[in-house]
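Visitor: coords_5.cif is the file, holding mmCIF, C-alpha atoms:
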```cif
data_run
loop_
_atom_site.group_PDB
_atom_site.id
_atom_site.type_symbol
_atom_site.label_atom_id
_atom_site.label_comp_id
_atom_site.auth_asym_id
_atom_site.auth_seq_id
_atom_site.Cartn_x
_atom_site.Cartn_y
_atom_site.Cartn_z
ATOM 1 C CA MET S 1 16.551 -18.513 18.720
ATOM 2 C CA ASN S 2 19.452 -16.203 19.557
ATOM 3 C CA PRO S 3 18.157 -12.709 20.422
ATOM 4 C CA ALA S 4 21.639 -11.167 20.441
ATOM 5 C CA ALA S 5 22.443 -12.582 17.016
ATOM 6 C CA ASP S 6 19.050 -11.509 15.662
ATOM 7 C CA ARG S 7 19.551 -7.957 16.920
ATOM 8 C CA ALA S 8 23.050 -7.821 15.422
ATOM 9 C CA ALA S 9 21.694 -9.025 12.085
ATOM 10 C CA LEU S 10 18.942 -6.390 12.203
ATOM 11 C CA ALA S 11 21.466 -3.652 13.016
ATOM 12 C CA ALA S 12 23.645 -4.740 10.096
ATOM 13 C CA MET S 13 20.651 -4.715 7.745
ATOM 14 C CA LEU S 14 19.512 -1.266 8.829
ATOM 15 C CA GLU S 15 23.021 0.103 8.400
ATOM 16 C CA ARG S 16 22.866 -1.039 4.764
ATOM 17 C CA LEU S 17 19.491 0.598 4.197
ATOM 18 C CA LEU S 18 19.652 3.769 6.310
ATOM 19 C CA PRO S 19 22.179 6.448 7.256
ATOM 20 C CA CYS S 20 24.275 4.705 9.892
ATOM 21 C CA VAL S 21 23.980 7.590 12.385
ATOM 22 C CA GLU S 22 20.237 6.897 12.645
ATOM 23 C CA VAL S 23 20.534 3.198 13.470
ATOM 24 C CA PRO S 24 21.293 3.396 17.241
ATOM 25 C CA TYR S 25 18.296 5.703 17.722
ATOM 26 C CA HIS S 26 16.024 3.316 15.826
ATOM 27 C CA LEU S 27 17.333 0.266 17.704
ATOM 28 C CA MET S 28 16.472 1.909 21.031
ATOM 29 C CA TRP S 29 12.839 2.336 19.945
ATOM 30 C CA ILE S 30 12.709 -1.121 18.359
ATOM 31 C CA ASP S 31 13.720 -2.690 21.687
ATOM 32 C CA ARG S 32 11.023 -0.728 23.527
ATOM 33 C CA ILE S 33 8.372 -1.663 20.974
ATOM 34 C CA ASP S 34 9.326 -5.349 21.010
ATOM 35 C CA ALA S 35 8.936 -5.437 24.790
ATOM 36 C CA LEU S 36 5.514 -3.769 24.686
ATOM 37 C CA LYS S 37 4.419 -5.953 21.784
ATOM 38 C CA ARG S 38 5.137 -9.095 23.793
ATOM 39 C CA GLU S 39 3.409 -7.660 26.845
ATOM 40 C CA ARG S 40 0.290 -6.734 24.860
ATOM 41 C CA GLY S 41 0.239 -9.852 22.672
ATOM 42 C CA ALA S 42 0.009 -7.534 19.658
ATOM 43 C CA VAL S 43 0.820 -8.004 16.000
ATOM 44 C CA ILE S 44 2.366 -5.116 14.057
ATOM 45 C CA MET S 45 1.609 -4.874 10.352
ATOM 46 C CA ALA S 46 3.475 -2.625 7.913
ATOM 47 C CA HIS S 47 2.773 -1.599 4.356
ATOM 48 C CA SER S 48 5.552 -1.759 1.766
ATOM 49 C CA TYR S 49 5.791 2.044 1.791
ATOM 50 C CA GLN S 50 6.877 2.158 5.430
ATOM 51 C CA SER S 51 10.481 3.101 6.216
ATOM 52 C CA PRO S 52 12.979 0.241 6.745
ATOM 53 C CA GLU S 53 13.250 0.713 10.521
ATOM 54 C CA ILE S 54 9.512 -0.076 10.697
ATOM 55 C CA PHE S 55 9.192 -2.534 7.798
ATOM 56 C CA HIS S 56 12.198 -4.633 8.843
ATOM 57 C CA GLY S 57 12.570 -3.517 12.463
ATOM 58 C CA VAL S 58 9.217 -4.049 14.188
ATOM 59 C CA ALA S 59 6.703 -5.449 11.691
ATOM 60 C CA ASP S 60 5.505 -9.017 12.123
ATOM 61 C CA ILE S 61 3.580 -8.976 8.838
ATOM 62 C CA THR S 62 4.322 -6.897 5.742
ATOM 63 C CA GLY S 63 2.685 -6.510 2.359
ATOM 64 C CA ASP S 64 0.239 -4.514 0.289
ATOM 65 C CA SER S 65 -3.040 -3.167 1.665
ATOM 66 C CA LEU S 66 -5.102 -6.244 0.781
ATOM 67 C CA ALA S 67 -2.556 -8.706 2.159
ATOM 68 C CA LEU S 68 -2.483 -6.806 5.447
ATOM 69 C CA ALA S 69 -6.269 -6.748 5.741
ATOM 70 C CA GLN S 70 -6.455 -10.489 5.067
ATOM 71 C CA ALA S 71 -3.674 -11.102 7.598
ATOM 72 C CA ALA S 72 -5.627 -9.137 10.195
ATOM 73 C CA ALA S 73 -8.512 -11.555 9.783
ATOM 74 C CA ASP S 74 -6.285 -14.647 9.802
ATOM 75 C CA CYS S 75 -3.799 -13.892 12.591
ATOM 76 C CA ASP S 76 -4.319 -15.109 16.175
ATOM 77 C CA ALA S 77 -3.726 -11.734 17.851
ATOM 78 C CA ASP S 78 -6.665 -9.682 19.100
ATOM 79 C CA LEU S 79 -4.624 -6.458 19.009
ATOM 80 C CA ILE S 80 -3.287 -5.145 15.695
ATOM 81 C CA VAL S 81 -1.172 -2.061 15.093
ATOM 82 C CA MET S 82 -1.488 -0.985 11.465
ATOM 83 C CA CYS S 83 1.561 0.854 10.149
ATOM 84 C CA GLY S 84 -0.036 2.321 7.091
ATOM 85 C CA VAL S 85 -2.680 4.912 6.325
ATOM 86 C CA HIS S 86 -6.237 5.251 7.601
ATOM 87 C CA PHE S 87 -8.050 3.287 4.901
ATOM 88 C CA MET S 88 -5.722 0.333 5.512
ATOM 89 C CA ALA S 89 -6.576 0.285 9.210
ATOM 90 C CA GLU S 90 -10.259 0.487 8.265
ATOM 91 C CA SER S 91 -9.913 -2.451 5.869
ATOM 92 C CA ALA S 92 -8.307 -4.518 8.603
ATOM 93 C CA LYS S 93 -11.179 -3.646 10.956
ATOM 94 C CA ILE S 94 -13.748 -4.510 8.278
ATOM 95 C CA LEU S 95 -12.316 -7.994 7.792
ATOM 96 C CA ALA S 96 -11.593 -8.476 11.520
ATOM 97 C CA PRO S 97 -14.394 -6.545 13.254
ATOM 98 C CA HIS S 98 -13.957 -8.391 16.560
ATOM 99 C CA LYS S 99 -10.324 -7.304 16.888
ATOM 100 C CA THR S 100 -8.842 -4.043 18.152
ATOM 101 C CA VAL S 101 -7.061 -2.173 15.354
ATOM 102 C CA LEU S 102 -4.816 0.756 16.259
ATOM 103 C CA LEU S 103 -3.452 3.420 13.899
ATOM 104 C CA PRO S 104 -0.355 5.181 15.327
ATOM 105 C CA ASP S 105 -1.317 8.543 13.785
ATOM 106 C CA LEU S 106 -4.885 9.467 12.846
ATOM 107 C CA GLU S 107 -3.562 12.088 10.408
ATOM 108 C CA ALA S 108 -2.052 9.361 8.207
ATOM 109 C CA GLY S 109 -4.534 9.802 5.385
ATOM 110 C CA CYS S 110 -4.574 9.346 1.608
ATOM 111 C CA SER S 111 -5.269 11.797 -1.189
ATOM 112 C CA LEU S 112 -7.195 9.136 -3.104
ATOM 113 C CA ALA S 113 -9.408 8.204 -0.172
ATOM 114 C CA ALA S 114 -10.033 11.900 0.504
ATOM 115 C CA SER S 115 -11.038 12.555 -3.127
ATOM 116 C CA ILE S 116 -14.440 10.866 -2.930
ATOM 117 C CA THR S 117 -17.267 10.446 -0.424
ATOM 118 C CA ALA S 118 -20.169 8.056 -0.017
ATOM 119 C CA ALA S 119 -22.485 10.829 -1.269
ATOM 120 C CA ASP S 120 -20.377 11.080 -4.439
ATOM 121 C CA VAL S 121 -20.831 7.352 -5.057
ATOM 122 C CA ARG S 122 -24.596 7.632 -4.604
ATOM 123 C CA ALA S 123 -24.639 10.523 -7.090
ATOM 124 C CA LEU S 124 -22.677 8.446 -9.604
ATOM 125 C CA ARG S 125 -25.149 5.601 -9.205
ATOM 126 C CA ALA S 126 -28.044 7.996 -9.820
ATOM 127 C CA ALA S 127 -26.354 9.327 -12.960
ATOM 128 C CA HIS S 128 -25.645 5.789 -14.247
ATOM 129 C CA PRO S 129 -28.585 3.603 -13.139
ATOM 130 C CA GLY S 130 -27.840 -0.096 -12.919
ATOM 131 C CA VAL S 131 -24.094 0.299 -13.504
ATOM 132 C CA PRO S 132 -22.010 -1.582 -10.906
ATOM 133 C CA VAL S 133 -19.418 0.265 -8.818
ATOM 134 C CA VAL S 134 -15.876 -1.012 -8.296
ATOM 135 C CA SER S 135 -13.887 0.918 -5.698
ATOM 136 C CA TYR S 136 -10.138 0.804 -5.346
ATOM 137 C CA ALA S 137 -8.883 -0.335 -1.937
ATOM 138 C CA ASN S 138 -7.630 3.240 -1.386
ATOM 139 C CA THR S 139 -11.064 4.415 -0.244
ATOM 140 C CA SER S 140 -12.823 4.948 3.064
ATOM 141 C CA ALA S 141 -15.050 2.357 4.695
ATOM 142 C CA ASP S 142 -18.069 4.544 3.850
ATOM 143 C CA VAL S 143 -17.191 4.478 0.140
ATOM 144 C CA LYS S 144 -16.550 0.732 0.179
ATOM 145 C CA ALA S 145 -19.976 0.301 1.759
ATOM 146 C CA GLU S 146 -21.569 2.036 -1.249
ATOM 147 C CA SER S 147 -19.714 -0.182 -3.733
ATOM 148 C CA ASP S 148 -20.491 -3.513 -5.344
ATOM 149 C CA ALA S 149 -16.890 -4.700 -5.150
ATOM 150 C CA CYS S 150 -13.440 -3.496 -4.176
ATOM 151 C CA CYS S 151 -10.178 -4.055 -6.016
ATOM 152 C CA THR S 152 -6.444 -3.515 -5.746
ATOM 153 C CA SER S 153 -4.121 -2.416 -8.515
ATOM 154 C CA ALA S 154 -3.114 -6.086 -8.843
ATOM 155 C CA ASN S 155 -6.608 -7.432 -9.496
ATOM 156 C CA ALA S 156 -8.523 -4.408 -10.837
ATOM 157 C CA VAL S 157 -8.934 -5.790 -14.369
ATOM 158 C CA GLN S 158 -10.193 -9.146 -13.108
ATOM 159 C CA VAL S 159 -12.673 -7.549 -10.689
ATOM 160 C CA VAL S 160 -14.015 -5.159 -13.345
ATOM 161 C CA GLU S 161 -14.586 -8.013 -15.778
ATOM 162 C CA ALA S 162 -16.183 -10.167 -13.057
ATOM 163 C CA MET S 163 -18.986 -7.598 -12.697
ATOM 164 C CA GLY S 164 -20.579 -9.048 -15.844
ATOM 165 C CA SER S 165 -21.465 -5.614 -17.187
ATOM 166 C CA ASP S 166 -20.522 -3.726 -20.359
ATOM 167 C CA LYS S 167 -20.043 -0.603 -18.226
ATOM 168 C CA VAL S 168 -18.546 -0.203 -14.740
ATOM 169 C CA ILE S 169 -18.099 2.838 -12.502
ATOM 170 C CA PHE S 170 -14.455 2.703 -11.395
ATOM 171 C CA LEU S 171 -13.176 4.969 -8.670
ATOM 172 C CA PRO S 172 -11.458 6.991 -7.429
ATOM 173 C CA ASP S 173 -8.053 6.995 -9.254
ATOM 174 C CA ARG S 174 -8.443 8.260 -12.810
ATOM 175 C CA TYR S 175 -4.932 7.167 -13.825
ATOM 176 C CA LEU S 176 -5.367 3.631 -12.527
ATOM 177 C CA GLY S 177 -8.782 3.671 -14.182
ATOM 178 C CA ARG S 178 -7.309 4.673 -17.544
ATOM 179 C CA TRP S 179 -4.726 1.896 -17.256
ATOM 180 C CA VAL S 180 -7.441 -0.654 -16.417
ATOM 181 C CA ALA S 181 -9.527 0.615 -19.355
ATOM 182 C CA SER S 182 -6.595 -0.089 -21.668
ATOM 183 C CA GLN S 183 -6.556 -3.717 -20.484
ATOM 184 C CA THR S 184 -10.271 -4.528 -20.905
ATOM 185 C CA GLU S 185 -13.195 -4.025 -23.290
ATOM 186 C CA VAL S 186 -15.457 -2.956 -20.402
ATOM 187 C CA GLU S 187 -16.360 0.741 -20.593
ATOM 188 C CA LEU S 188 -15.298 2.559 -17.438
ATOM 189 C CA VAL S 189 -16.849 5.638 -15.875
ATOM 190 C CA LEU S 190 -13.962 7.310 -14.053
ATOM 191 C CA TRP S 191 -13.679 9.660 -11.077
ATOM 192 C CA HIS S 192 -11.103 12.485 -10.879
ATOM 193 C CA GLY S 193 -9.008 11.290 -7.925
ATOM 194 C CA THR S 194 -5.226 10.926 -8.051
ATOM 195 C CA CYS S 195 -2.425 9.805 -5.753
ATOM 196 C CA GLU S 196 -0.333 12.782 -4.695
ATOM 197 C CA VAL S 197 2.794 10.603 -4.713
ATOM 198 C CA HIS S 198 2.407 9.012 -8.131
ATOM 199 C CA GLU S 199 0.797 11.881 -10.041
ATOM 200 C CA THR S 200 3.929 14.046 -9.742
ATOM 201 C CA PHE S 201 6.175 11.757 -11.790
ATOM 202 C CA THR S 202 6.751 12.858 -15.372
ATOM 203 C CA ALA S 203 7.711 11.100 -18.585
ATOM 204 C CA GLN S 204 10.751 13.387 -18.827
ATOM 205 C CA GLN S 205 11.986 12.124 -15.442
ATOM 206 C CA VAL S 206 11.643 8.527 -16.629
ATOM 207 C CA ARG S 207 13.499 9.211 -19.884
ATOM 208 C CA HIS S 208 16.265 11.027 -18.015
ATOM 209 C CA THR S 209 16.626 8.159 -15.538
ATOM 210 C CA ARG S 210 16.898 5.585 -18.300
ATOM 211 C CA GLU S 211 19.379 7.641 -20.334
ATOM 212 C CA GLN S 212 21.494 8.756 -17.384
ATOM 213 C CA PHE S 213 21.682 5.434 -15.525
ATOM 214 C CA ASP S 214 20.907 2.829 -18.208
ATOM 215 C CA ALA S 215 18.209 1.447 -15.921
ATOM 216 C CA LEU S 216 15.064 -0.526 -16.580
ATOM 217 C CA VAL S 217 11.967 1.270 -15.328
ATOM 218 C CA VAL S 218 9.017 -0.165 -13.424
ATOM 219 C CA ALA S 219 6.031 2.042 -12.636
ATOM 220 C CA HIS S 220 2.883 1.840 -10.563
ATOM 221 C CA PRO S 221 -0.383 2.197 -12.541
ATOM 222 C CA GLU S 222 -1.374 5.176 -10.395
ATOM 223 C CA CYS S 223 1.121 7.173 -12.494
ATOM 224 C CA ALA S 224 0.013 9.252 -15.475
ATOM 225 C CA PRO S 225 -0.409 7.435 -18.822
ATOM 226 C CA GLU S 226 2.617 9.156 -20.388
ATOM 227 C CA VAL S 227 4.774 7.818 -17.526
ATOM 228 C CA LEU S 228 3.420 4.293 -17.939
ATOM 229 C CA ALA S 229 4.120 4.475 -21.683
ATOM 230 C CA GLU S 230 7.815 4.989 -20.917
ATOM 231 C CA ALA S 231 8.046 2.094 -18.437
ATOM 232 C CA ASP S 232 9.440 -1.377 -19.081
ATOM 233 C CA PHE S 233 6.935 -2.846 -16.633
ATOM 234 C CA VAL S 234 3.719 -1.577 -15.054
ATOM 235 C CA GLY S 235 2.319 -3.266 -11.969
ATOM 236 C CA SER S 236 1.250 -3.189 -8.348
ATOM 237 C CA THR S 237 3.672 -3.175 -5.433
ATOM 238 C CA THR S 238 3.417 -6.962 -5.189
ATOM 239 C CA ALA S 239 3.839 -7.390 -8.952
ATOM 240 C CA MET S 240 6.954 -5.208 -8.872
ATOM 241 C CA GLY S 241 8.574 -7.590 -6.398
ATOM 242 C CA ARG S 242 7.690 -10.591 -8.562
ATOM 243 C CA TRP S 243 9.083 -8.822 -11.630
ATOM 244 C CA LEU S 244 12.384 -8.176 -9.859
ATOM 245 C CA ALA S 245 12.631 -11.816 -8.789
ATOM 246 C CA ARG S 246 11.960 -12.946 -12.349
ATOM 247 C CA GLU S 247 14.047 -10.443 -14.333
ATOM 248 C CA ARG S 248 16.935 -9.784 -11.898
ATOM 249 C CA PRO S 249 17.931 -6.530 -13.655
ATOM 250 C CA GLN S 250 21.362 -5.048 -13.088
ATOM 251 C CA ARG S 251 19.876 -1.598 -12.537
ATOM 252 C CA VAL S 252 16.258 -0.592 -11.995
ATOM 253 C CA ALA S 253 14.326 2.591 -11.350
ATOM 254 C CA MET S 254 11.123 2.151 -9.362
ATOM 255 C CA VAL S 255 8.619 4.880 -10.139
ATOM 256 C CA THR S 256 6.692 4.708 -6.887
ATOM 257 C CA GLU S 257 7.040 5.597 -3.201
ATOM 258 C CA CYS S 258 10.698 5.766 -2.089
ATOM 259 C CA SER S 259 10.541 3.245 0.729
ATOM 260 C CA MET S 260 9.436 0.510 -1.663
ATOM 261 C CA ALA S 261 12.935 0.444 -3.145
ATOM 262 C CA ASP S 262 14.569 0.774 0.283
ATOM 263 C CA ASN S 263 12.763 -2.306 1.535
ATOM 264 C CA LEU S 264 13.516 -4.372 -1.566
ATOM 265 C CA ARG S 265 17.235 -3.615 -1.576
ATOM 266 C CA ASP S 266 17.924 -6.158 1.137
ATOM 267 C CA GLN S 267 16.011 -8.854 -0.772
ATOM 268 C CA PHE S 268 17.797 -8.083 -4.052
ATOM 269 C CA PRO S 269 21.362 -7.059 -3.108
ATOM 270 C CA GLN S 270 22.633 -7.683 -6.634
ATOM 271 C CA VAL S 271 20.253 -5.057 -8.082
ATOM 272 C CA GLU S 272 21.224 -1.390 -8.109
ATOM 273 C CA PHE S 273 18.157 0.695 -7.300
ATOM 274 C CA ILE S 274 17.934 4.119 -8.894
ATOM 275 C CA LYS S 275 15.424 6.228 -7.004
ATOM 276 C CA PRO S 276 13.365 8.694 -9.036
ATOM 277 C CA CYS S 277 10.949 8.480 -6.140
ATOM 278 C CA ASN S 278 8.569 10.513 -4.015
ATOM 279 C CA LEU S 279 7.851 10.102 -0.303
ATOM 280 C CA CYS S 280 4.269 9.673 0.863
ATOM 281 C CA PRO S 281 3.831 12.317 3.579
ATOM 282 C CA HIS S 282 1.015 10.308 5.150
ATOM 283 C CA MET S 283 2.970 7.053 5.394
ATOM 284 C CA LYS S 284 5.844 8.952 6.944
ATOM 285 C CA ARG S 285 3.617 10.132 9.802
ATOM 286 C CA ILE S 286 4.000 6.594 11.156
ATOM 287 C CA THR S 287 7.167 6.554 13.258
ATOM 288 C CA LEU S 288 8.699 4.266 15.855
ATOM 289 C CA PRO S 289 7.794 6.641 18.740
ATOM 290 C CA ALA S 290 4.207 6.803 17.447
ATOM 291 C CA ILE S 291 4.003 3.003 17.293
ATOM 292 C CA HIS S 292 5.337 2.774 20.839
ATOM 293 C CA ALA S 293 2.798 5.317 22.078
ATOM 294 C CA ALA S 294 -0.048 3.445 20.346
ATOM 295 C CA LEU S 295 0.937 0.216 22.093
ATOM 296 C CA ARG S 296 1.584 1.889 25.441
ATOM 297 C CA ASP S 297 -1.692 3.821 25.565
ATOM 298 C CA LEU S 298 -3.827 1.624 23.277
ATOM 299 C CA ARG S 299 -4.659 4.800 21.438
ATOM 300 C CA HIS S 300 -6.183 5.695 18.096
ATOM 301 C CA GLU S 301 -8.478 2.690 17.886
ATOM 302 C CA VAL S 302 -10.291 2.432 14.570
ATOM 303 C CA VAL S 303 -14.070 2.381 15.114
ATOM 304 C CA ILE S 304 -16.556 1.825 12.269
ATOM 305 C CA ASP S 305 -20.353 1.632 12.373
ATOM 306 C CA ALA S 306 -21.519 -1.992 12.293
ATOM 307 C CA GLY S 307 -23.807 -1.373 9.321
ATOM 308 C CA VAL S 308 -20.965 0.162 7.332
ATOM 309 C CA ILE S 309 -18.731 -2.773 8.237
ATOM 310 C CA GLY S 310 -21.308 -5.259 6.948
ATOM 311 C CA ARG S 311 -21.777 -3.563 3.573
ATOM 312 C CA ALA S 312 -18.080 -2.775 3.099
ATOM 313 C CA ARG S 313 -17.182 -6.343 4.004
ATOM 314 C CA ALA S 314 -19.518 -7.607 1.275
ATOM 315 C CA ALA S 315 -17.630 -5.483 -1.292
ATOM 316 C CA LEU S 316 -14.277 -6.779 -0.069
ATOM 317 C CA GLU S 317 -15.538 -10.360 -0.003
ATOM 318 C CA ARG S 318 -16.707 -10.068 -3.604
ATOM 319 C CA MET S 319 -13.166 -9.069 -4.584
ATOM 320 C CA LEU S 320 -11.727 -11.990 -2.630
ATOM 321 C CA ALA S 321 -14.157 -14.340 -4.352
ATOM 322 C CA VAL S 322 -12.832 -13.188 -7.729
ATOM 323 C CA GLY S 323 -9.321 -14.009 -6.531
ATOM 324 C CA ARG S 324 -10.399 -17.468 -5.450
ATOM 325 C CA ARG S 325 -11.978 -18.132 -8.869
ATOM 326 C CA GLU S 326 -8.819 -16.933 -10.627
ATOM 327 C CA ALA S 327 -6.688 -19.274 -8.504
ATOM 328 C CA ALA S 328 -8.939 -22.303 -9.050
#
```
Can you present the structure in this file as structure tokens?

Guide:
Amino acid sequence: MNPAADRAALAAMLERLLPCVEVPYHLMWIDRIDALKRERGAVIMAHSYQSPEIFHGVADITGDSLALAQAAADCDADLIVMCGVHFMAESAKILAPHKTVLLPDLEAGCSLAASITAADVRALRAAHPGVPVVSYANTSADVKAESDACCTSANAVQVVEAMGSDKVIFLPDRYLGRWVASQTEVELVLWHGTCEVHETFTAQQVRHTREQFDALVVAHPECAPEVLAEADFVGSTTAMGRWLARERPQRVAMVTECSMADNLRDQFPQVEFIKPCNLCPHMKRITLPAIHAALRDLRHEVVIDAGVIGRARAALERMLAVGRREAA
């Protein structure tokens, strides 16, 4: 290993992905965080929507919300700093209850997770007796604990069909739910939640992007149906990366959170990324100074009631079991 060469390579990467005037400031914080991380024996995890200085600069493990939660359970470290939003830190704690999980900013929430409560799930069950509940990963631990299974946007169809029921309560994202309903014969009872990032995209924006830039369009299924109808590909954050690796388009517009494209640009330098994107205000509450403070003070530990952990873990494990059957 050559630390000087590694730091130079990181600086060069960040200068490609960020305004160059910001890079020295970020490098100062990255050095401080790396030192504290070694001292604490911590692992830093970052979601794909984190800014490049976090995603590439300090994260040891990156990925979507499920991949990060699984990594929390599998990694050797007893201290985890989750660079994501609150439900992601909760999911990591659920799958690794014996570990300390820190969230750099407790205000890093999620409009989807905030759209439904455990009491709402119980009311849905009462209104639809015997109908299983599948909850999207973008939900609180309390909601997961009231669910039969969890899912991600990548495996939602498979999890819904694995319930073995003609009808499934699917929550909380109504747009993701409508997309899943179009892919299966299972009848879905939907909730009214939406993602504040993805719900603001419009079909007109997509058409303008394609016409103006001659770009292929990929969209996240949390977008409205009329947006998805205009897209060349619809898929999860992980599926988008696989699509890029397979198709290698000359020009692509990613209809999702802005930092997703920023972080993929280094992996696909031959692709021109057009950015009809929106920033997640909650993801952007996670900053390098906040990560440093979390490590320094061991602050904002995620604590969940043991009973909630047990029931929520069962819902997550049922989803993981579906994945294992699909892979077999």

Visitor: Separation of atom CA of S:Thr202 and atom CA of S:Cys151, in Å?

Guide: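 The value is 25.7 Å.
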
Visitor: Could you work out how far atom CA of S:Glu22 lies from atom CA of S:Asp6, giving the answer in Å with one decimal?

Guide: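 Interatomic distance, atom CA of S:Asp6 to atom CA of S:Glu22: 18.7 Å.
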
Visitor: With 8 Å as the cut-off and only C-alpha atoms counted, what is the closest atom pair between each nearby residue of stretch 155-261 of chain S and stretch 275-298 of chain S? Distances in Å to one decimal, ordered by chain and number, as CSV.

Guide:
```
residue,atom,partner,partner_atom,distance
S:Glu196,CA,S:Cys280,CA,7.9
S:Val197,CA,S:Asn278,CA,5.8
S:His198,CA,S:Asn278,CA,7.6
S:Gln205,CA,S:Pro276,CA,7.4
S:Val206,CA,S:Pro276,CA,7.8
S:Thr209,CA,S:Pro276,CA,7.3
S:Ala253,CA,S:Lys275,CA,5.8
S:Met254,CA,S:Lys275,CA,6.4
S:Val255,CA,S:Cys277,CA,5.9
S:Thr256,CA,S:Cys277,CA,5.7
S:Glu257,CA,S:Asn278,CA,5.2
S:Cys258,CA,S:Cys277,CA,4.9
S:Ser259,CA,S:Leu279,CA,7.4
S:Ala261,CA,S:Lys275,CA,7.4
```

Visitor: Tell me which of S:Arg207, S:Arg38, S:Leu66, S:Asp76 sits closest to S:Glu90, counting only C-alpha atoms.

Guide: S:Leu66

Visitor: At what distance in Å, to one decimal, does atom CA of S:Ala321 lie from atom CA of S:Val189?

Guide: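 Interatomic distance, atom CA of S:Val189 to atom CA of S:Ala321: 23.2 Å.
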
Visitor: My list of candidates is S:Gln270, S:Ser135, S:Ser65, S:Ser115. Which is closest to S:Ala315 when distances are computed with all atoms listed in the file?

Guide: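 Closest to S:Ala315 of all the choices is S:Ser135.
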
Visitor: Give me the residues within 9 Å of S:Glu199 as a CSV table (one decimal) with C-alpha atoms, keeping the file's coordinate frame, counting only C-alpha atoms and dropping any in the same chain fewer than 2 places off.

Guide:
```csv
chain,number,residue,atom,x,y,z
S,175,TYR,CA,-4.9,7.2,-13.8
S,194,THR,CA,-5.2,10.9,-8.1
S,195,CYS,CA,-2.4,9.8,-5.8
S,196,GLU,CA,-0.3,12.8,-4.7
S,197,VAL,CA,2.8,10.6,-4.7
S,201,PHE,CA,6.2,11.8,-11.8
S,202,THR,CA,6.8,12.9,-15.4
S,222,GLU,CA,-1.4,5.2,-10.4
S,223,CYS,CA,1.1,7.2,-12.5
S,224,ALA,CA,0.0,9.3,-15.5
```

Visitor: Pick from S:Leu320, S:Leu264, S:Ala73, S:Val85: nearest to S:Leu112, with all atoms listed in the file counted?

Guide: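 Closest residue, counting all atoms listed in the file: S:Val85.
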
Visitor: Need to verify the contact set: stretch 92-97 of chain S, 10 Å, only C-alpha atoms, exclusion of same-chain residues closer than 2 positions in sequence. Can you return it as number ranges by chain?

Guide: S: 65-75, 78, 80-82, 87-90, 99-102, 141, 301-306, 308-314, 316-317

Visitor: Given the file above and the PyMOL selection byres ((chain S and resi 213) around 9), which residues are selected, and can you give them as a short mmCIF file (atom, residue, chain, number, x, y, z; two decimals) with C-alpha atoms, in the frame of the given file?

Guide:
```
data_model
loop_
_atom_site.label_atom_id
_atom_site.label_comp_id
_atom_site.auth_asym_id
_atom_site.auth_seq_id
_atom_site.Cartn_x
_atom_site.Cartn_y
_atom_site.Cartn_z
CA HIS S 208 16.26 11.03 -18.02
CA THR S 209 16.63 8.16 -15.54
CA ARG S 210 16.90 5.58 -18.30
CA GLU S 211 19.38 7.64 -20.33
CA GLN S 212 21.49 8.76 -17.38
CA ASP S 214 20.91 2.83 -18.21
CA ALA S 215 18.21 1.45 -15.92
CA LEU S 216 15.06 -0.53 -16.58
CA ARG S 251 19.88 -1.60 -12.54
CA VAL S 252 16.26 -0.59 -12.00
CA ALA S 253 14.33 2.59 -11.35
CA ILE S 274 17.93 4.12 -8.89
#
```

Visitor: My list of candidates is S:Ser165, S:Ser236, S:Ser51, S:Ser91. Which is closest to S:Val131 when distances are computed with all atoms listed in the file?

Guide: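 Among the listed residues, S:Ser165 lies closest to S:Val131.
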
Visitor: Run the PyMOL selection byres ((chain S and resi 179) around 10) on the file and write out the hits as a VMD selection string.

Guide: chain S and resid 153 156 to 157 174 to 178 180 to 184 221 to 225 228 234

Visitor: Could you tell me which of S:Leu106, S:Leu124, S:Ala137, S:Ala149 comes closest to S:Asp64 if we count all atoms listed in the file?

Guide: S:Ala137

Visitor: Quick one: of S:Ala8, S:Leu188, S:Ala119, S:Ala154, who's nearest to S:Val133, counting all atoms listed in the file?

Guide: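 Ranking S:Ala8, S:Leu188, S:Ala119, S:Ala154 by distance to S:Val133, first place goes to S:Leu188.
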
Visitor: Might you spell out which residues the PyMOL selection byres ((chain S and resi 16-21) around 10) would select in the displayed file, as a compact mmCIF listing (two decimals) with C-alpha atoms, in the coordinates of the input?

Guide:
```txt
# COMPACT_ATOMS: atom_id res chain seq x y z
CA LEU S 10 18.94 -6.39 12.20
CA ALA S 11 21.47 -3.65 13.02
CA ALA S 12 23.64 -4.74 10.10
CA MET S 13 20.65 -4.72 7.74
CA LEU S 14 19.51 -1.27 8.83
CA GLU S 15 23.02 0.10 8.40
CA GLU S 22 20.24 6.90 12.64
CA VAL S 23 20.53 3.20 13.47
CA PRO S 24 21.29 3.40 17.24
CA TYR S 25 18.30 5.70 17.72
CA HIS S 26 16.02 3.32 15.83
CA SER S 51 10.48 3.10 6.22
CA PRO S 52 12.98 0.24 6.74
CA GLU S 53 13.25 0.71 10.52
CA SER S 259 10.54 3.24 0.73
CA ALA S 261 12.94 0.44 -3.14
CA ASP S 262 14.57 0.77 0.28
CA ASN S 263 12.76 -2.31 1.54
CA LEU S 264 13.52 -4.37 -1.57
CA ARG S 265 17.24 -3.62 -1.58
CA ASP S 266 17.92 -6.16 1.14
```
